[in-house]
$ cat coords_18.cif   # mmCIF, N, CA and C atoms
data_structure
#
loop_
_atom_site.label_atom_id
_atom_site.label_comp_id
_atom_site.auth_asym_id
_atom_site.auth_seq_id
_atom_site.Cartn_x
_atom_site.Cartn_y
_atom_site.Cartn_z
N MET F 1 24.88 29.98 -23.76
CA MET F 1 25.06 28.84 -22.90
C MET F 1 23.72 28.17 -22.57
N ILE F 2 22.75 28.99 -22.22
CA ILE F 2 21.43 28.45 -21.87
C ILE F 2 20.77 27.82 -23.09
N ARG F 3 20.98 28.44 -24.27
CA ARG F 3 20.40 27.88 -25.49
C ARG F 3 21.00 26.51 -25.79
N LYS F 4 22.29 26.35 -25.54
CA LYS F 4 22.94 25.06 -25.78
C LYS F 4 22.39 23.99 -24.84
N ILE F 5 22.18 24.35 -23.58
CA ILE F 5 21.62 23.40 -22.61
C ILE F 5 20.19 23.03 -23.00
N GLY F 6 19.39 24.03 -23.37
CA GLY F 6 18.02 23.77 -23.79
C GLY F 6 17.96 22.91 -25.03
N PHE F 7 18.84 23.18 -25.99
CA PHE F 7 18.89 22.38 -27.21
C PHE F 7 19.28 20.94 -26.87
N GLY F 8 20.25 20.78 -25.99
CA GLY F 8 20.70 19.44 -25.60
C GLY F 8 19.59 18.66 -24.89
N LEU F 9 18.86 19.32 -24.00
CA LEU F 9 17.75 18.67 -23.31
C LEU F 9 16.63 18.32 -24.27
N GLY F 10 16.32 19.19 -25.20
CA GLY F 10 15.30 18.92 -26.19
C GLY F 10 15.67 17.75 -27.09
N LEU F 11 16.94 17.72 -27.50
CA LEU F 11 17.42 16.62 -28.32
C LEU F 11 17.37 15.30 -27.57
N ALA F 12 17.76 15.31 -26.28
CA ALA F 12 17.70 14.10 -25.46
C ALA F 12 16.26 13.62 -25.28
N ALA F 13 15.33 14.55 -25.08
CA ALA F 13 13.92 14.18 -24.92
C ALA F 13 13.37 13.60 -26.21
N ALA F 14 13.72 14.19 -27.35
CA ALA F 14 13.25 13.67 -28.63
C ALA F 14 13.81 12.26 -28.89
N LEU F 15 15.06 12.05 -28.56
CA LEU F 15 15.67 10.73 -28.72
C LEU F 15 14.99 9.71 -27.81
N ALA F 16 14.74 10.09 -26.55
CA ALA F 16 14.09 9.18 -25.61
C ALA F 16 12.68 8.81 -26.09
N LEU F 17 11.92 9.80 -26.58
CA LEU F 17 10.58 9.52 -27.08
C LEU F 17 10.61 8.62 -28.32
N THR F 18 11.58 8.83 -29.19
CA THR F 18 11.72 7.98 -30.37
C THR F 18 12.01 6.54 -29.97
N LEU F 19 12.93 6.35 -29.03
CA LEU F 19 13.26 5.01 -28.56
C LEU F 19 12.07 4.36 -27.86
N LEU F 20 11.36 5.13 -27.05
CA LEU F 20 10.18 4.62 -26.36
C LEU F 20 9.11 4.19 -27.36
N PHE F 21 8.89 5.00 -28.39
CA PHE F 21 7.91 4.65 -29.41
C PHE F 21 8.32 3.37 -30.13
N ALA F 22 9.60 3.28 -30.50
CA ALA F 22 10.08 2.08 -31.21
C ALA F 22 9.95 0.84 -30.32
N PHE F 23 10.26 0.98 -29.03
CA PHE F 23 10.16 -0.15 -28.11
C PHE F 23 8.71 -0.56 -27.91
N SER F 24 7.80 0.41 -27.89
CA SER F 24 6.39 0.08 -27.66
C SER F 24 5.78 -0.68 -28.83
N ARG F 25 6.43 -0.69 -29.98
CA ARG F 25 5.94 -1.43 -31.14
C ARG F 25 6.35 -2.90 -31.10
N THR F 26 7.30 -3.27 -30.25
CA THR F 26 7.73 -4.66 -30.14
C THR F 26 6.78 -5.42 -29.23
N GLU F 27 6.84 -6.74 -29.27
CA GLU F 27 5.99 -7.58 -28.41
C GLU F 27 6.31 -7.35 -26.93
N GLU F 28 7.59 -7.25 -26.60
CA GLU F 28 7.98 -7.00 -25.21
C GLU F 28 7.50 -5.64 -24.74
N GLY F 29 7.60 -4.66 -25.61
CA GLY F 29 7.14 -3.31 -25.26
C GLY F 29 5.65 -3.27 -24.99
N LYS F 30 4.89 -4.02 -25.78
CA LYS F 30 3.45 -4.06 -25.55
C LYS F 30 3.12 -4.70 -24.21
N TRP F 31 3.84 -5.78 -23.86
CA TRP F 31 3.61 -6.42 -22.56
C TRP F 31 3.96 -5.49 -21.41
N ILE F 32 5.10 -4.85 -21.51
CA ILE F 32 5.52 -3.94 -20.43
C ILE F 32 4.55 -2.78 -20.32
N GLY F 33 4.11 -2.24 -21.45
CA GLY F 33 3.13 -1.15 -21.42
C GLY F 33 1.83 -1.57 -20.77
N ALA F 34 1.38 -2.79 -21.07
CA ALA F 34 0.15 -3.28 -20.46
C ALA F 34 0.31 -3.46 -18.95
N LEU F 35 1.46 -3.98 -18.52
CA LEU F 35 1.69 -4.17 -17.08
C LEU F 35 1.76 -2.84 -16.35
N VAL F 36 2.45 -1.87 -16.93
CA VAL F 36 2.53 -0.54 -16.31
C VAL F 36 1.15 0.08 -16.21
N GLY F 37 0.37 -0.04 -17.28
CA GLY F 37 -0.99 0.50 -17.26
C GLY F 37 -1.87 -0.18 -16.23
N LEU F 38 -1.78 -1.50 -16.14
CA LEU F 38 -2.60 -2.26 -15.20
C LEU F 38 -2.22 -1.96 -13.75
N TYR F 39 -0.95 -2.15 -13.42
CA TYR F 39 -0.55 -1.96 -12.02
C TYR F 39 -0.52 -0.50 -11.61
N GLY F 40 -0.22 0.39 -12.53
CA GLY F 40 -0.30 1.81 -12.21
C GLY F 40 -1.71 2.22 -11.86
N GLY F 41 -2.69 1.68 -12.61
CA GLY F 41 -4.09 1.98 -12.33
C GLY F 41 -4.54 1.40 -11.00
N ILE F 42 -4.05 0.21 -10.67
CA ILE F 42 -4.41 -0.40 -9.38
C ILE F 42 -3.85 0.41 -8.23
N ILE F 43 -2.62 0.84 -8.35
CA ILE F 43 -1.99 1.62 -7.27
C ILE F 43 -2.73 2.95 -7.09
N ILE F 44 -3.00 3.65 -8.17
CA ILE F 44 -3.71 4.93 -8.07
C ILE F 44 -5.13 4.71 -7.57
N GLY F 45 -5.80 3.67 -8.07
CA GLY F 45 -7.17 3.38 -7.62
C GLY F 45 -7.23 3.05 -6.14
N GLY F 46 -6.24 2.31 -5.64
CA GLY F 46 -6.21 1.99 -4.21
C GLY F 46 -6.04 3.21 -3.35
N ALA F 47 -5.22 4.13 -3.80
CA ALA F 47 -5.00 5.35 -3.03
C ALA F 47 -6.23 6.25 -3.04
N VAL F 48 -6.97 6.27 -4.13
CA VAL F 48 -8.15 7.12 -4.24
C VAL F 48 -9.34 6.54 -3.49
N ALA F 49 -9.41 5.22 -3.36
CA ALA F 49 -10.57 4.56 -2.77
C ALA F 49 -10.57 4.58 -1.24
N HIS F 50 -9.49 5.03 -0.62
CA HIS F 50 -9.37 4.99 0.83
C HIS F 50 -9.15 6.38 1.43
N ASP F 51 -9.59 6.54 2.67
CA ASP F 51 -9.24 7.70 3.49
C ASP F 51 -8.20 7.26 4.50
N THR F 52 -7.24 8.10 4.79
CA THR F 52 -6.24 7.79 5.81
C THR F 52 -6.66 8.43 7.11
N VAL F 53 -6.78 7.61 8.16
CA VAL F 53 -7.14 8.12 9.49
C VAL F 53 -6.05 7.70 10.47
N PRO F 54 -5.85 8.49 11.52
CA PRO F 54 -4.82 8.12 12.50
C PRO F 54 -5.27 6.96 13.37
N GLY F 55 -4.35 6.11 13.71
CA GLY F 55 -4.60 4.99 14.60
C GLY F 55 -3.48 4.87 15.60
N GLN F 56 -3.59 3.87 16.47
CA GLN F 56 -2.57 3.67 17.50
C GLN F 56 -2.38 2.18 17.74
N VAL F 57 -1.12 1.77 17.85
CA VAL F 57 -0.79 0.38 18.13
C VAL F 57 -1.08 0.10 19.60
N ILE F 58 -1.86 -0.97 19.87
CA ILE F 58 -2.13 -1.32 21.27
C ILE F 58 -1.48 -2.64 21.67
N ASP F 59 -1.08 -3.46 20.69
CA ASP F 59 -0.39 -4.72 21.00
C ASP F 59 0.23 -5.27 19.73
N PHE F 60 1.31 -6.01 19.88
CA PHE F 60 1.92 -6.68 18.74
C PHE F 60 2.64 -7.92 19.23
N ASN F 61 2.90 -8.82 18.32
CA ASN F 61 3.61 -10.05 18.63
C ASN F 61 4.64 -10.27 17.53
N ARG F 62 5.93 -10.33 17.91
CA ARG F 62 7.00 -10.60 16.95
C ARG F 62 7.76 -11.82 17.43
N PRO F 63 7.42 -13.01 16.92
CA PRO F 63 8.17 -14.20 17.33
C PRO F 63 9.61 -14.10 16.84
N ASP F 64 10.52 -14.63 17.63
CA ASP F 64 11.93 -14.59 17.26
C ASP F 64 12.47 -15.99 17.16
N PRO F 65 12.82 -16.49 16.02
CA PRO F 65 12.73 -15.89 14.69
C PRO F 65 11.32 -16.01 14.14
N PRO F 66 11.00 -15.22 13.11
CA PRO F 66 9.67 -15.35 12.49
C PRO F 66 9.46 -16.76 11.95
N THR F 67 8.24 -17.25 12.03
CA THR F 67 7.93 -18.59 11.52
C THR F 67 7.74 -18.53 10.02
N SER F 68 7.61 -19.68 9.42
CA SER F 68 7.48 -19.72 7.96
C SER F 68 6.13 -19.21 7.47
N TYR F 69 5.11 -19.21 8.30
CA TYR F 69 3.79 -18.78 7.86
C TYR F 69 3.36 -17.43 8.43
N SER F 70 4.12 -16.87 9.37
CA SER F 70 3.73 -15.60 9.96
C SER F 70 4.93 -14.93 10.61
N ALA F 71 5.00 -13.62 10.46
CA ALA F 71 6.05 -12.85 11.13
C ALA F 71 5.53 -12.22 12.41
N GLY F 72 4.26 -12.47 12.75
CA GLY F 72 3.70 -11.93 13.98
C GLY F 72 2.30 -11.41 13.77
N SER F 73 1.91 -10.47 14.63
CA SER F 73 0.57 -9.87 14.53
C SER F 73 0.62 -8.47 15.12
N ILE F 74 -0.37 -7.69 14.78
CA ILE F 74 -0.48 -6.32 15.28
C ILE F 74 -1.94 -6.02 15.59
N ARG F 75 -2.19 -5.39 16.72
CA ARG F 75 -3.53 -4.98 17.12
C ARG F 75 -3.50 -3.46 17.24
N PHE F 76 -4.51 -2.81 16.69
CA PHE F 76 -4.51 -1.35 16.66
C PHE F 76 -5.92 -0.82 16.81
N THR F 77 -6.02 0.44 17.16
CA THR F 77 -7.31 1.12 17.26
C THR F 77 -7.31 2.32 16.31
N TYR F 78 -8.50 2.73 15.93
CA TYR F 78 -8.69 3.95 15.15
C TYR F 78 -10.09 4.46 15.42
N GLN F 79 -10.34 5.73 15.13
CA GLN F 79 -11.66 6.31 15.32
C GLN F 79 -12.28 6.62 13.96
N ASP F 80 -13.58 6.30 13.83
CA ASP F 80 -14.27 6.65 12.60
C ASP F 80 -14.73 8.10 12.65
N GLU F 81 -15.42 8.54 11.60
CA GLU F 81 -15.82 9.96 11.55
C GLU F 81 -16.87 10.31 12.60
N ASP F 82 -17.54 9.30 13.19
CA ASP F 82 -18.52 9.56 14.26
C ASP F 82 -17.87 9.59 15.63
N GLY F 83 -16.55 9.36 15.71
CA GLY F 83 -15.85 9.38 16.98
C GLY F 83 -15.84 8.04 17.69
N LYS F 84 -16.40 7.01 17.08
CA LYS F 84 -16.43 5.68 17.69
C LYS F 84 -15.06 5.01 17.49
N THR F 85 -14.52 4.43 18.55
CA THR F 85 -13.23 3.76 18.48
C THR F 85 -13.41 2.31 18.07
N HIS F 86 -12.64 1.89 17.08
CA HIS F 86 -12.67 0.51 16.60
C HIS F 86 -11.32 -0.14 16.89
N GLU F 87 -11.37 -1.43 17.24
CA GLU F 87 -10.15 -2.19 17.47
C GLU F 87 -10.04 -3.27 16.39
N GLU F 88 -8.88 -3.38 15.77
CA GLU F 88 -8.65 -4.33 14.69
C GLU F 88 -7.41 -5.16 14.98
N PHE F 89 -7.36 -6.34 14.38
CA PHE F 89 -6.24 -7.26 14.52
C PHE F 89 -5.81 -7.72 13.13
N ARG F 90 -4.51 -7.73 12.87
CA ARG F 90 -4.00 -8.21 11.60
C ARG F 90 -2.80 -9.13 11.82
N ARG F 91 -2.78 -10.22 11.03
CA ARG F 91 -1.58 -11.07 11.01
C ARG F 91 -0.56 -10.42 10.09
N VAL F 92 0.69 -10.50 10.47
CA VAL F 92 1.77 -9.97 9.65
C VAL F 92 2.39 -11.14 8.92
N MET F 93 2.31 -11.12 7.60
CA MET F 93 2.75 -12.25 6.79
C MET F 93 4.26 -12.25 6.55
N HIS F 94 4.86 -11.08 6.44
CA HIS F 94 6.31 -11.00 6.28
C HIS F 94 6.80 -9.75 7.02
N SER F 95 7.95 -9.88 7.61
CA SER F 95 8.49 -8.80 8.43
C SER F 95 8.97 -7.65 7.56
N THR F 96 8.56 -6.46 7.90
CA THR F 96 9.00 -5.25 7.21
C THR F 96 9.69 -4.34 8.22
N ALA F 97 10.39 -3.34 7.72
CA ALA F 97 11.08 -2.40 8.61
C ALA F 97 10.08 -1.68 9.53
N LYS F 98 8.91 -1.33 8.99
CA LYS F 98 7.90 -0.67 9.81
C LYS F 98 7.44 -1.58 10.95
N PHE F 99 7.23 -2.86 10.66
CA PHE F 99 6.77 -3.79 11.69
C PHE F 99 7.87 -4.06 12.71
N ARG F 100 9.10 -4.17 12.28
CA ARG F 100 10.20 -4.42 13.22
C ARG F 100 10.42 -3.25 14.17
N ASP F 101 10.08 -2.03 13.74
CA ASP F 101 10.32 -0.83 14.55
C ASP F 101 9.12 -0.39 15.37
N VAL F 102 7.95 -1.00 15.17
CA VAL F 102 6.74 -0.54 15.84
C VAL F 102 6.78 -0.89 17.33
N GLU F 103 6.23 -0.01 18.13
CA GLU F 103 6.12 -0.20 19.59
C GLU F 103 4.69 0.13 20.01
N ILE F 104 4.30 -0.36 21.18
CA ILE F 104 2.97 -0.08 21.72
C ILE F 104 2.84 1.42 21.96
N GLY F 105 1.73 1.98 21.51
CA GLY F 105 1.47 3.41 21.66
C GLY F 105 1.89 4.23 20.45
N ASP F 106 2.59 3.62 19.50
CA ASP F 106 3.01 4.35 18.30
C ASP F 106 1.80 4.71 17.44
N PRO F 107 1.82 5.91 16.86
CA PRO F 107 0.75 6.26 15.92
C PRO F 107 0.98 5.55 14.58
N ILE F 108 -0.10 5.16 13.94
CA ILE F 108 -0.02 4.53 12.62
C ILE F 108 -1.10 5.12 11.73
N ASP F 109 -0.90 5.00 10.43
CA ASP F 109 -1.91 5.42 9.47
C ASP F 109 -2.75 4.21 9.08
N VAL F 110 -4.06 4.37 9.17
CA VAL F 110 -5.00 3.30 8.82
C VAL F 110 -5.78 3.76 7.60
N TRP F 111 -5.84 2.90 6.57
CA TRP F 111 -6.65 3.20 5.40
C TRP F 111 -8.04 2.66 5.64
N VAL F 112 -9.05 3.53 5.52
CA VAL F 112 -10.45 3.15 5.67
C VAL F 112 -11.12 3.33 4.31
N CYS F 113 -11.81 2.30 3.86
CA CYS F 113 -12.46 2.32 2.56
C CYS F 113 -13.56 3.37 2.55
N ARG F 114 -13.64 4.14 1.49
CA ARG F 114 -14.65 5.20 1.41
C ARG F 114 -16.06 4.67 1.22
N ASN F 115 -16.24 3.56 0.49
CA ASN F 115 -17.60 3.09 0.23
C ASN F 115 -18.04 1.99 1.20
N ASP F 116 -17.14 1.46 2.02
CA ASP F 116 -17.51 0.49 3.06
C ASP F 116 -16.59 0.75 4.25
N ARG F 117 -17.06 1.52 5.21
CA ARG F 117 -16.22 1.96 6.33
C ARG F 117 -15.75 0.81 7.22
N SER F 118 -16.27 -0.40 7.03
CA SER F 118 -15.83 -1.53 7.84
C SER F 118 -14.55 -2.16 7.28
N VAL F 119 -14.13 -1.78 6.08
CA VAL F 119 -12.92 -2.33 5.48
C VAL F 119 -11.76 -1.39 5.79
N VAL F 120 -10.80 -1.89 6.56
CA VAL F 120 -9.62 -1.10 6.92
C VAL F 120 -8.37 -1.86 6.54
N LYS F 121 -7.30 -1.13 6.27
CA LYS F 121 -6.04 -1.73 5.86
C LYS F 121 -4.88 -1.02 6.53
N LEU F 122 -3.84 -1.77 6.79
CA LEU F 122 -2.57 -1.20 7.21
C LEU F 122 -1.63 -1.33 6.02
N VAL F 123 -0.98 -0.27 5.66
CA VAL F 123 -0.10 -0.29 4.50
C VAL F 123 1.35 -0.21 4.97
N GLY F 124 2.15 -1.14 4.47
CA GLY F 124 3.58 -1.13 4.76
C GLY F 124 4.00 -2.00 5.92
N TYR F 125 3.07 -2.71 6.53
CA TYR F 125 3.40 -3.57 7.66
C TYR F 125 3.46 -5.04 7.29
N GLY F 126 3.22 -5.39 6.05
CA GLY F 126 3.25 -6.79 5.61
C GLY F 126 2.09 -7.59 6.13
N THR F 127 0.95 -6.93 6.35
CA THR F 127 -0.21 -7.61 6.93
C THR F 127 -1.07 -8.27 5.87
N TYR F 128 -1.84 -9.27 6.32
CA TYR F 128 -2.81 -9.93 5.47
C TYR F 128 -4.07 -9.08 5.48
N GLU F 129 -4.50 -8.65 4.32
CA GLU F 129 -5.68 -7.78 4.20
C GLU F 129 -6.76 -8.52 3.42
N PRO F 130 -7.75 -9.11 4.11
CA PRO F 130 -8.73 -9.97 3.44
C PRO F 130 -9.76 -9.23 2.59
N GLY F 131 -10.11 -8.03 2.95
CA GLY F 131 -11.21 -7.35 2.27
C GLY F 131 -10.75 -6.50 1.12
N LYS F 132 -11.65 -6.31 0.17
CA LYS F 132 -11.39 -5.42 -0.95
C LYS F 132 -12.31 -4.22 -0.80
N CYS F 133 -11.77 -3.08 -1.08
CA CYS F 133 -12.53 -1.86 -0.89
C CYS F 133 -13.70 -1.74 -1.85
N ASN F 134 -13.56 -2.25 -3.05
CA ASN F 134 -14.60 -2.02 -4.04
C ASN F 134 -15.84 -2.90 -3.86
N ASP F 135 -15.73 -4.03 -3.15
CA ASP F 135 -16.92 -4.86 -3.01
C ASP F 135 -17.38 -5.06 -1.58
N GLY F 136 -16.63 -4.54 -0.60
CA GLY F 136 -17.06 -4.63 0.78
C GLY F 136 -17.13 -6.04 1.32
N SER F 137 -16.23 -6.93 0.88
CA SER F 137 -16.32 -8.33 1.28
C SER F 137 -15.54 -8.66 2.55
N ALA F 138 -14.98 -7.66 3.20
CA ALA F 138 -14.17 -7.96 4.38
C ALA F 138 -15.05 -8.18 5.60
N PRO F 139 -14.74 -9.22 6.38
CA PRO F 139 -15.47 -9.42 7.63
C PRO F 139 -15.00 -8.45 8.69
N ARG F 140 -15.89 -8.06 9.58
CA ARG F 140 -15.51 -7.18 10.70
C ARG F 140 -14.86 -8.02 11.77
N SER F 141 -13.78 -7.49 12.37
CA SER F 141 -13.14 -8.18 13.49
C SER F 141 -13.81 -7.83 14.79
#

$ encode --input "coords_18.cif" --output "structure tokens"
Amino acid sequence: MIRKIGFGLGLAAALALTLLFAFSRTEEGKWIGALVGLYGGIIIGGAVAHDTVPGQVIDFNRPDPPTSYSAGSIRFTYQDEDGKTHEEFRRVMHSTAKFRDVEIGDPIDVWVCRNDRSVVKLVGYGTYEPGKCNDGSAPRS
């Protein structure tokens, strides 16, 4: 019984790899492969370039209904590795479930750039993030 299951799984994997190889030879397959490689690398690179530190929401604004150019704003604090508390402000460009559920005093995760500690990001709140971690071009608030 186990041999039959193993044989079936091996056959399915071989078929899937054959189809994937054949698809990767087409023009569409090459485009999709390039997009997966590009965006997969960006996602992994973004996660590796930042440290996650705890923060806390100190204020937010959720207009009802959200306007066409902004869903509100969020103000938060976090501490750097020296223990200094920083306060940041971000505009929320589109409403997300995390932003709709946030309350004052809630803990949040703040991404701090490893090579430029002044660049911070909120992930999952639909915020506008002006700075890039790799070049340190973000202005301090």

$ residues_around --input "coords_18.cif" --residues "F:Val102" --least-positions-apart "4" --cutoff "12 Å" --atoms "only C-alpha atoms" --output "PyMOL selection string"
chain F and resi 56-62+72-76+95-98+106-108+124-125

$ atom_distance --input "coords_18.cif" --atom1 "atom CA of F:Glu27" --atom2 "atom CA of F:Leu15"
20.7 Å

$ closest_residue --input "coords_18.cif" --among "F:Arg114, F:Arg25, F:Arg100, F:Arg90" --to "F:Cys133" --atoms "only N, CA and C atoms"
F:Arg114

$ atom_distance --input "coords_18.cif" --atom1 "atom C of F:Pro65" --atom2 "atom N of F:Phe89"
21.0 Å

$ atom_distance --input "coords_18.cif" --atom1 "atom N of F:Val110" --atom2 "atom N of F:Asp64"
25.4 Å

$ resolve_selection --input "coords_18.cif" --expression "the PyMOL selection byres ((chain F and resi 92) around 5)" --output "ChimeraX atom specification"
/F:70-73,90-91,93-94,126-128

$ write_last_selection --input "coords_18.cif" --atoms "N, CA and C atoms" --output "PDB file, in the frame of the given file"
ATOM      1  N   SER F  70       4.120 -16.870   9.370  1.00  0.00           N
ATOM      2  CA  SER F  70       3.730 -15.600   9.960  1.00  0.00           C
ATOM      3  C   SER F  70       4.930 -14.930  10.610  1.00  0.00           C
ATOM      4  N   ALA F  71       5.000 -13.620  10.460  1.00  0.00           N
ATOM      5  CA  ALA F  71       6.050 -12.850  11.130  1.00  0.00           C
ATOM      6  C   ALA F  71       5.530 -12.220  12.410  1.00  0.00           C
ATOM      7  N   GLY F  72       4.260 -12.470  12.750  1.00  0.00           N
ATOM      8  CA  GLY F  72       3.700 -11.930  13.980  1.00  0.00           C
ATOM      9  C   GLY F  72       2.300 -11.410  13.770  1.00  0.00           C
ATOM     10  N   SER F  73       1.910 -10.470  14.630  1.00  0.00           N
ATOM     11  CA  SER F  73       0.570  -9.870  14.530  1.00  0.00           C
ATOM     12  C   SER F  73       0.620  -8.470  15.120  1.00  0.00           C
ATOM     13  N   ARG F  90      -4.510  -7.730  12.870  1.00  0.00           N
ATOM     14  CA  ARG F  90      -4.000  -8.210  11.600  1.00  0.00           C
ATOM     15  C   ARG F  90      -2.800  -9.130  11.820  1.00  0.00           C
ATOM     16  N   ARG F  91      -2.780 -10.220  11.030  1.00  0.00           N
ATOM     17  CA  ARG F  91      -1.580 -11.070  11.010  1.00  0.00           C
ATOM     18  C   ARG F  91      -0.560 -10.420  10.090  1.00  0.00           C
ATOM     19  N   MET F  93       2.310 -11.120   7.600  1.00  0.00           N
ATOM     20  CA  MET F  93       2.750 -12.250   6.790  1.00  0.00           C
ATOM     21  C   MET F  93       4.260 -12.250   6.550  1.00  0.00           C
ATOM     22  N   HIS F  94       4.860 -11.080   6.440  1.00  0.00           N
ATOM     23  CA  HIS F  94       6.310 -11.000   6.280  1.00  0.00           C
ATOM     24  C   HIS F  94       6.800  -9.750   7.020  1.00  0.00           C
ATOM     25  N   GLY F 126       3.220  -5.390   6.050  1.00  0.00           N
ATOM     26  CA  GLY F 126       3.250  -6.790   5.610  1.00  0.00           C
ATOM     27  C   GLY F 126       2.090  -7.590   6.130  1.00  0.00           C
ATOM     28  N   THR F 127       0.950  -6.930   6.350  1.00  0.00           N
ATOM     29  CA  THR F 127      -0.210  -7.610   6.930  1.00  0.00           C
ATOM     30  C   THR F 127      -1.070  -8.270   5.870  1.00  0.00           C
ATOM     31  N   TYR F 128      -1.840  -9.270   6.320  1.00  0.00           N
ATOM     32  CA  TYR F 128      -2.810  -9.930   5.470  1.00  0.00           C
ATOM     33  C   TYR F 128      -4.070  -9.080   5.480  1.00  0.00           C
TER      34      TYR F 128
END

$ resolve_selection --input "coords_18.cif" --expression "the PyMOL selection byres ((chain F and resi 120) around 7)" --output "PyMOL selection string"
chain F and resi 110-113+116-119+121-122+129+131
